[in-house]
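What's in my_file37.txt: compact mmCIF, C-alpha atoms
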# COMPACT_ATOMS: atom_id res chain seq x y z
CA MET A 1 20.02 -15.57 -18.60
CA ARG A 2 20.41 -12.24 -16.81
CA GLN A 3 23.06 -11.62 -14.19
CA ILE A 4 21.05 -9.12 -12.14
CA ILE A 5 17.37 -8.25 -11.98
CA ILE A 6 16.50 -5.21 -9.88
CA ILE A 7 12.92 -4.95 -8.65
CA GLY A 8 12.10 -1.33 -7.85
CA SER A 9 13.06 2.03 -9.27
CA GLY A 10 13.50 4.50 -6.42
CA PRO A 11 16.88 5.86 -5.32
CA ALA A 12 17.95 2.39 -4.15
CA GLY A 13 16.91 0.59 -7.32
CA TYR A 14 18.38 3.12 -9.74
CA THR A 15 21.63 3.47 -7.80
CA ALA A 16 22.02 -0.31 -7.77
CA ALA A 17 21.38 -0.25 -11.52
CA ILE A 18 24.06 2.42 -12.07
CA TYR A 19 26.69 0.40 -10.19
CA ALA A 20 25.70 -2.91 -11.77
CA ALA A 21 25.62 -1.42 -15.26
CA ARG A 22 29.06 0.15 -14.79
CA ALA A 23 30.32 -3.33 -13.90
CA ASN A 24 29.10 -4.51 -17.32
CA LEU A 25 26.41 -6.73 -15.78
CA GLU A 26 23.58 -5.31 -17.93
CA PRO A 27 20.94 -5.20 -15.18
CA LEU A 28 17.23 -5.40 -15.88
CA VAL A 29 15.21 -2.97 -13.77
CA ILE A 30 11.52 -3.79 -13.20
CA ALA A 31 10.35 -0.25 -12.52
CA SER A 32 6.57 -0.77 -12.04
CA SER A 33 3.84 0.13 -14.50
CA VAL A 34 2.36 2.94 -12.38
CA GLU A 35 4.94 3.88 -9.71
CA ALA A 36 8.21 4.08 -11.61
CA GLY A 37 10.64 6.29 -9.74
CA GLY A 38 9.24 5.55 -6.31
CA GLU A 39 7.99 7.98 -3.69
CA LEU A 40 10.21 10.86 -4.84
CA MET A 41 8.04 11.13 -7.93
CA LYS A 42 5.41 12.52 -5.55
CA THR A 43 7.76 14.85 -3.70
CA THR A 44 8.32 18.54 -4.26
CA GLU A 45 11.69 20.18 -3.68
CA VAL A 46 14.45 17.91 -2.38
CA GLU A 47 16.95 20.09 -0.51
CA ASN A 48 19.05 17.51 1.31
CA PHE A 49 20.34 15.29 -1.51
CA PRO A 50 24.08 15.95 -1.92
CA GLY A 51 25.17 17.75 -5.07
CA PHE A 52 22.16 20.04 -5.47
CA PRO A 53 22.84 23.19 -3.42
CA GLU A 54 19.73 24.91 -4.76
CA GLY A 55 17.57 21.82 -4.33
CA ILE A 56 15.91 19.71 -7.01
CA GLN A 57 12.39 18.54 -7.67
CA GLY A 58 11.82 14.89 -6.74
CA PRO A 59 10.63 13.78 -10.20
CA GLU A 60 13.58 15.50 -11.87
CA LEU A 61 16.03 13.76 -9.54
CA MET A 62 14.54 10.37 -10.31
CA MET A 63 14.51 10.99 -14.07
CA GLN A 64 18.19 11.91 -13.89
CA MET A 65 18.96 8.73 -11.95
CA GLN A 66 17.09 6.67 -14.55
CA ALA A 67 18.94 8.37 -17.41
CA GLN A 68 22.28 7.73 -15.69
CA ALA A 69 21.46 4.04 -15.24
CA GLU A 70 20.39 3.73 -18.88
CA ARG A 71 23.51 5.53 -20.05
CA PHE A 72 25.63 2.70 -18.61
CA GLY A 73 23.48 -0.06 -20.08
CA ALA A 74 20.64 -0.77 -17.64
CA GLU A 75 17.37 -1.86 -19.24
CA ILE A 76 14.19 -0.38 -17.71
CA VAL A 77 10.88 -2.26 -17.98
CA LEU A 78 7.63 -0.56 -16.96
CA ASP A 79 5.78 -3.59 -15.62
CA ASP A 80 4.86 -5.18 -12.30
CA VAL A 81 6.14 -8.37 -10.73
CA THR A 82 3.41 -10.92 -10.09
CA ASN A 83 5.48 -13.88 -8.90
CA LEU A 84 8.96 -14.67 -7.67
CA GLU A 85 10.88 -17.95 -7.57
CA LEU A 86 13.95 -17.20 -5.50
CA ASP A 87 15.16 -20.64 -4.41
CA GLY A 88 18.02 -22.27 -6.27
CA ASP A 89 20.82 -20.86 -8.38
CA VAL A 90 18.47 -19.42 -11.01
CA LYS A 91 15.90 -16.84 -9.91
CA ARG A 92 12.69 -16.42 -11.93
CA VAL A 93 10.67 -13.22 -12.06
CA THR A 94 7.21 -13.26 -13.64
CA LEU A 95 5.68 -9.98 -14.83
CA GLY A 96 2.12 -8.85 -15.36
CA SER A 97 2.64 -9.15 -19.11
CA GLY A 98 3.33 -12.87 -18.65
CA ALA A 99 7.03 -12.50 -19.44
CA VAL A 100 9.38 -14.57 -17.30
CA HIS A 101 12.94 -13.37 -16.71
CA GLU A 102 15.73 -15.46 -15.22
CA ALA A 103 18.81 -14.21 -13.41
CA ARG A 104 21.65 -15.32 -11.17
CA THR A 105 20.81 -12.59 -8.65
CA VAL A 106 17.89 -10.41 -7.64
CA ILE A 107 18.02 -7.07 -5.85
CA PHE A 108 14.76 -6.25 -4.08
CA ALA A 109 14.29 -2.46 -3.80
CA THR A 110 10.53 -1.97 -3.76
CA GLY A 111 10.48 0.81 -1.18
CA SER A 112 7.45 1.54 0.96
CA ALA A 113 3.78 2.44 0.51
CA TYR A 114 1.65 5.14 2.09
CA ARG A 115 0.12 4.16 5.41
CA LYS A 116 -3.64 4.58 5.70
CA LEU A 117 -5.88 5.58 8.58
CA GLY A 118 -7.97 2.42 8.27
CA LEU A 119 -11.33 4.20 8.22
CA SER A 120 -14.35 2.85 6.38
CA ASP A 121 -14.79 5.91 4.13
CA GLU A 122 -11.10 6.39 3.39
CA GLU A 123 -11.04 4.28 0.23
CA ARG A 124 -14.52 5.38 -0.87
CA LEU A 125 -13.50 9.03 -0.86
CA SER A 126 -10.01 8.44 -2.26
CA GLY A 127 -9.76 10.77 -5.24
CA HIS A 128 -12.79 12.65 -4.00
CA GLY A 129 -11.04 14.82 -1.44
CA VAL A 130 -8.90 12.20 0.29
CA SER A 131 -5.32 12.02 -0.94
CA TRP A 132 -1.84 10.81 0.01
CA CYS A 133 0.01 13.06 -2.46
CA ALA A 134 0.05 16.85 -2.19
CA THR A 135 2.07 17.31 -5.38
CA CYS A 136 -0.40 15.14 -7.29
CA ASP A 137 -3.61 16.73 -6.03
CA GLY A 138 -2.81 20.08 -4.41
CA PHE A 139 -3.77 22.03 -7.53
CA PHE A 140 -7.40 20.94 -7.17
CA PHE A 141 -7.78 22.66 -3.80
CA ARG A 142 -7.29 26.31 -4.73
CA GLN A 143 -8.86 28.62 -2.15
CA LYS A 144 -10.15 25.60 -0.21
CA THR A 145 -9.89 24.51 3.41
CA ILE A 146 -7.93 21.30 3.82
CA ALA A 147 -6.09 19.30 6.48
CA VAL A 148 -2.94 17.22 6.68
CA VAL A 149 -2.77 14.33 9.16
CA GLY A 150 0.65 13.63 10.64
CA GLY A 151 3.54 15.05 12.63
CA GLY A 152 6.69 14.10 10.73
CA ASP A 153 8.73 15.71 7.97
CA SER A 154 6.42 14.42 5.27
CA ALA A 155 3.40 15.99 6.92
CA MET A 156 5.17 19.34 7.34
CA GLU A 157 6.33 19.27 3.72
CA GLU A 158 2.83 18.43 2.51
CA ALA A 159 1.24 21.17 4.61
CA THR A 160 3.76 23.81 3.54
CA PHE A 161 3.40 22.87 -0.12
CA LEU A 162 -0.41 22.94 0.05
CA THR A 163 -0.41 26.53 1.28
CA ARG A 164 0.47 27.47 -2.32
CA PHE A 165 -3.08 26.53 -3.25
CA ALA A 166 -5.35 26.30 -0.21
CA GLU A 167 -6.79 29.18 1.75
CA LYS A 168 -6.40 27.30 5.04
CA VAL A 169 -4.38 24.21 6.01
CA TYR A 170 -4.95 22.43 9.30
CA VAL A 171 -2.29 20.04 10.59
CA ILE A 172 -3.95 17.34 12.69
CA HIS A 173 -1.64 15.52 15.10
CA ARG A 174 -2.50 13.08 17.86
CA LYS A 175 0.13 14.50 20.22
CA ASP A 176 1.06 17.99 21.45
CA SER A 177 4.48 18.06 19.79
CA LEU A 178 5.89 17.13 16.39
CA ARG A 179 8.49 14.54 15.47
CA ALA A 180 9.48 16.48 12.33
CA SER A 181 12.97 17.94 11.99
CA LYS A 182 13.52 21.39 13.48
CA ILE A 183 13.79 23.17 10.14
CA MET A 184 10.55 21.64 8.86
CA GLN A 185 8.75 22.57 12.07
CA GLU A 186 9.98 26.16 11.89
CA ARG A 187 8.73 26.55 8.33
CA ALA A 188 5.31 25.21 9.22
CA PHE A 189 4.98 27.31 12.39
CA ALA A 190 5.97 30.45 10.47
CA ASN A 191 3.37 29.91 7.75
CA GLU A 192 0.29 32.00 8.52
CA LYS A 193 -1.96 29.69 6.49
CA ILE A 194 -1.20 26.68 8.71
CA GLU A 195 -3.09 26.03 11.95
CA PHE A 196 -2.22 23.11 14.22
CA VAL A 197 -4.89 20.90 15.75
CA TRP A 198 -3.13 19.18 18.66
CA ASN A 199 -4.05 16.03 20.57
CA SER A 200 -6.55 15.03 17.91
CA GLN A 201 -7.20 11.80 16.03
CA VAL A 202 -9.25 11.46 12.85
CA VAL A 203 -11.88 8.81 13.62
CA GLY A 204 -14.26 9.47 10.75
CA ILE A 205 -14.44 11.00 7.28
CA THR A 206 -17.76 12.45 6.15
CA GLY A 207 -19.24 13.29 2.78
CA GLY A 208 -21.37 11.86 0.00
CA ASP A 209 -19.76 12.12 -3.42
CA ALA A 210 -16.90 14.15 -1.96
CA ILE A 211 -15.43 14.79 1.46
CA ASP A 212 -17.07 17.55 3.50
CA GLY A 213 -15.28 17.06 6.80
CA VAL A 214 -13.77 14.79 9.41
CA VAL A 215 -14.67 13.65 12.89
CA LEU A 216 -11.93 14.37 15.42
CA ARG A 217 -11.48 12.73 18.81
CA ASP A 218 -9.50 14.47 21.52
CA THR A 219 -6.79 11.99 22.54
CA GLN A 220 -6.82 13.29 26.13
CA THR A 221 -10.54 13.75 26.87
CA GLY A 222 -12.17 11.46 24.30
CA VAL A 223 -14.52 14.25 23.22
CA GLU A 224 -15.44 14.18 19.53
CA ARG A 225 -16.16 17.08 17.22
CA ASP A 226 -16.63 17.79 13.54
CA LEU A 227 -14.21 19.77 11.39
CA ALA A 228 -15.45 21.01 8.01
CA LEU A 229 -12.97 20.39 5.19
CA ASP A 230 -12.76 20.32 1.42
CA GLY A 231 -9.81 17.93 1.40
CA LEU A 232 -7.79 15.58 3.59
CA PHE A 233 -4.16 14.66 2.98
CA ILE A 234 -2.81 11.69 4.94
CA ALA A 235 0.91 11.73 5.81
CA ILE A 236 1.30 9.30 8.71
CA GLY A 237 4.17 7.20 7.43
CA ASN A 238 4.86 4.29 5.15
CA ASP A 239 4.93 0.50 5.24
CA PRO A 240 7.60 -1.56 3.43
CA ARG A 241 6.40 -3.22 0.22
CA THR A 242 7.22 -6.81 1.07
CA HIS A 243 4.08 -8.65 -0.07
CA LEU A 244 5.95 -10.36 -2.90
CA VAL A 245 8.41 -12.01 -0.53
CA HIS A 246 6.15 -13.06 2.34
CA GLY A 247 7.01 -16.67 3.07
CA LYS A 248 10.08 -16.43 0.84
CA LEU A 249 12.45 -14.13 2.73
CA ASP A 250 12.93 -13.56 6.45
CA LEU A 251 11.39 -10.32 7.74
CA THR A 252 12.18 -8.24 10.81
CA ALA A 253 9.78 -7.34 13.63
CA GLU A 254 9.19 -4.01 11.86
CA GLY A 255 8.12 -5.84 8.70
CA THR A 256 11.20 -4.96 6.66
CA ILE A 257 13.33 -7.54 4.84
CA ALA A 258 15.99 -8.92 7.18
CA VAL A 259 19.58 -8.53 5.99
CA GLN A 260 22.89 -9.69 7.43
CA GLY A 261 24.57 -6.92 9.41
CA ARG A 262 25.37 -3.89 7.27
CA SER A 263 25.19 -5.92 4.08
CA SER A 264 22.27 -6.36 1.69
CA LYS A 265 22.33 -10.17 1.93
CA THR A 266 18.93 -11.68 2.69
CA SER A 267 18.06 -15.13 3.99
CA LEU A 268 18.39 -16.60 0.47
CA THR A 269 21.68 -16.89 -1.40
CA GLY A 270 21.82 -14.61 -4.43
CA VAL A 271 18.97 -12.41 -3.24
CA PHE A 272 19.74 -8.93 -1.96
CA ALA A 273 17.61 -6.06 -0.67
CA ALA A 274 18.10 -2.31 -0.45
CA GLY A 275 16.43 0.97 0.44
CA ASP A 276 13.31 1.60 2.49
CA VAL A 277 12.31 -2.04 2.22
CA ILE A 278 15.10 -2.86 4.70
CA ASP A 279 15.14 0.44 6.61
CA PRO A 280 12.46 1.13 9.24
CA HIS A 281 14.28 4.13 10.72
CA TYR A 282 16.05 6.57 8.41
CA ARG A 283 14.14 6.29 5.13
CA GLN A 284 15.94 9.09 3.29
CA ALA A 285 16.71 9.30 -0.41
CA VAL A 286 20.44 9.48 0.26
CA THR A 287 20.46 6.46 2.61
CA ALA A 288 18.38 4.50 0.09
CA ALA A 289 20.87 5.37 -2.65
CA ALA A 290 23.77 4.27 -0.45
CA SER A 291 21.91 1.05 0.31
CA GLY A 292 21.49 0.44 -3.42
CA THR A 293 25.24 0.79 -3.82
CA VAL A 294 25.81 -1.85 -1.15
CA ALA A 295 23.38 -4.23 -2.85
CA ALA A 296 25.04 -3.86 -6.24
CA LEU A 297 28.50 -4.46 -4.78
CA ASP A 298 27.28 -7.47 -2.80
CA ALA A 299 25.67 -8.91 -5.94
CA GLU A 300 28.85 -8.34 -7.96
CA GLN A 301 30.94 -10.11 -5.34
CA TYR A 302 28.51 -13.02 -5.28
CA LEU A 303 28.59 -13.34 -9.07
CA ALA A 304 32.37 -13.21 -9.07
CA SER A 305 32.43 -16.10 -6.59
CA LEU A 306 30.45 -18.45 -8.85
CA PRO A 307 32.41 -21.39 -10.33
CA ALA A 308 33.75 -21.13 -13.84
CA GLU A 309 31.06 -23.45 -15.26
CA GLN A 310 28.51 -20.83 -14.20
CA PRO A 311 29.92 -17.66 -15.78
CA ALA A 312 29.16 -14.61 -13.70
CA GLY A 313 28.58 -12.16 -16.52
CA VAL A 314 29.94 -10.59 -19.63
CA GLY A 315 33.60 -11.24 -18.95
CA ALA A 316 34.80 -11.24 -15.37
CA PRO A 317 32.78 -8.77 -13.29
CA GLN A 318 34.82 -6.08 -11.62
CA LEU A 319 33.72 -4.12 -8.59
CA ALA A 320 32.56 -0.67 -9.60
CA THR A 321 34.26 2.28 -7.98
CA ALA A 322 32.85 5.66 -7.20
Give the structure from this file in structure tokens form.
Amino acid sequence: MRQIIIIGSGPAGYTAAIYAARANLEPLVIASSVEAGGELMKTTEVENFPGFPEGIQGPELMMQMQAQAERFGAEIVLDDVTNLELDGDVKRVTLGSGAVHEARTVIFATGSAYRKLGLSDEERLSGHGVSWCATCDGFFFRQKTIAVVGGGDSAMEEATFLTRFAEKVYVIHRKDSLRASKIMQERAFANEKIEFVWNSQVVGITGGDAIDGVVLRDTQTGVERDLALDGLFIAIGNDPRTHLVHGKLDLTAEGTIAVQGRSSKTSLTGVFAAGDVIDPHYRQAVTAAASGTVAALDAEQYLASLPAEQPAGVGAPQLATA
């Protein structure tokens, strides 16, 4: 019987694991078979995470978080959750391998997934010029003409990064101004390889075996036109990964897991949530990490409150301190 199972391995999941492991609760982290480390594994330089004045690459940051969690006794499993039984005092987590793990508490930190345009050829041309990850696929577009769809920080970061490879990078945005932070906007505007396509919506993706362009619709006039491209990178936001808990946990209007106030407590006793899966607004690595801390402390307090006939862990759990 485990004391804590953590589902997810981004900043929230690994931070929760660090705190839980330091409390001698020996957490099990289900890190995913293909997406261990979360979205930062697909990010380039992270400049705003405290403690790294020169910045740090996203994958390196996540590998350091994993190593820190393992150092204190967390166990990492590279598998995917296929079923959850969250009612009752004992929670059961079934994995793709068929293994079933039981625990007193579960921390849900599954993050968010890339949002798609919803076009008919989007999936067909995925991997054939359509991508959601500049760091994964940018290398394949040397001296090519590509476009990034979006107007936030992620889109500006993708576009700026892609100028290392591409000859030309269009930024397609449906409005005439960006929602990205000022510093990210300034970098993109100053880059001579980037050209902005304002008031434009991608309504079609063309190409046979590979993308050869997109169809743009002017959001003000409705006029459509073709734009020739060798690649299209989509950076229009993320949706919380909550499919495993639909019908099990209460969700908010934004689709995130509902928690009580500033805590990580969900609608089920002994089940906690942290990170982007509860945060529709900020969605930063540092806020996700802080949220993971809250979840671990909430879980520790819950375990400590269990009656003596249901021991909370290896010895009496003590709240971890910074």
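Between Ile211 of chain A and the candidates A:Glu122, A:Ile278, A:Leu162, A:Thr135, the tightest atom-to-atom separation, counting all atoms listed in the file, involves A:Glu122.
In terms of minimum interatomic distance to Glu157 of chain A, A:Ile183 ranks closest within A:Asp137, A:Ile183, A:Lys144, A:Glu195, counting all atoms listed in the file.
For Ile7 of chain A, the set of protein, DNA and RNA residues having any atom at most 8 Å away, when counting only C-alpha atoms and skipping those fewer than 5 positions along the same chain, is Gly13, Val29, Ile30, Ala31, Val81, Val106, Ile107, Phe108, Ala109 and Thr110 of chain A.
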When you count all atoms listed in the file, which of these residues is closest to Val148 of chain A: A:Val286, A:Leu232, A:Leu249, A:Ala273?
A:Leu232
Which residues, written as number ranges by chain, have at least one atom at most 7 Å from Ala21 of chain A, with all atoms listed in the file counted and residues fewer than 2 positions away on the same chain left out?
A: 17-19, 23-27, 69, 72-74
A:Ala12, A:Val169, A:Ile5, A:Ala147 ranked by distance to Gly275 of chain A, top pick (using only C-alpha atoms):
A:Ala12
Spatial neighbours of Gly247 of chain A, 12 Å, only C-alpha atoms, chain gap at least 4 places, as number ranges by chain
A: 84-87, 242-243, 251, 257, 267-268
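If you look at atom CA of Thr219 of chain A and atom CA of Lys175 of chain A, they are 7.7 Å away from each other.
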Measuring atom to atom with only C-alpha atoms, identify which of A:Ala299, A:Ala113, A:Val34, A:Met62 is nearest to Pro11 of chain A.
A:Met62
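Note that the spacing between atom CA of Gln201 of chain A and atom CA of Val130 of chain A amounts to 15.8 Å.
Of the residues under consideration (A:Ser32, A:Asp218, A:Ser112, A:Ser181), A:Ser32 shows the shortest atom-to-atom contact distance to Leu95 of chain A when counting only C-alpha atoms.
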List the spatial neighbours of Lys168 of chain A as number ranges by chain - criterion: any atom at most 8 Å away, all atoms listed in the file, same-chain residues fewer than 4 positions off excluded.
A: 143-146, 163, 193-195
Using atom CA of Val202 of chain A and atom CA of Val215 of chain A as the two end points, give the distance in Å to one decimal.
5.8 Å
Could you pull the residues within 8 Å of Gly270 of chain A, counting all atoms listed in the file, minus those fewer than 5 positions along the same chain, as a PyMOL selection string?
chain A and resi 89+104-106+265+299+302
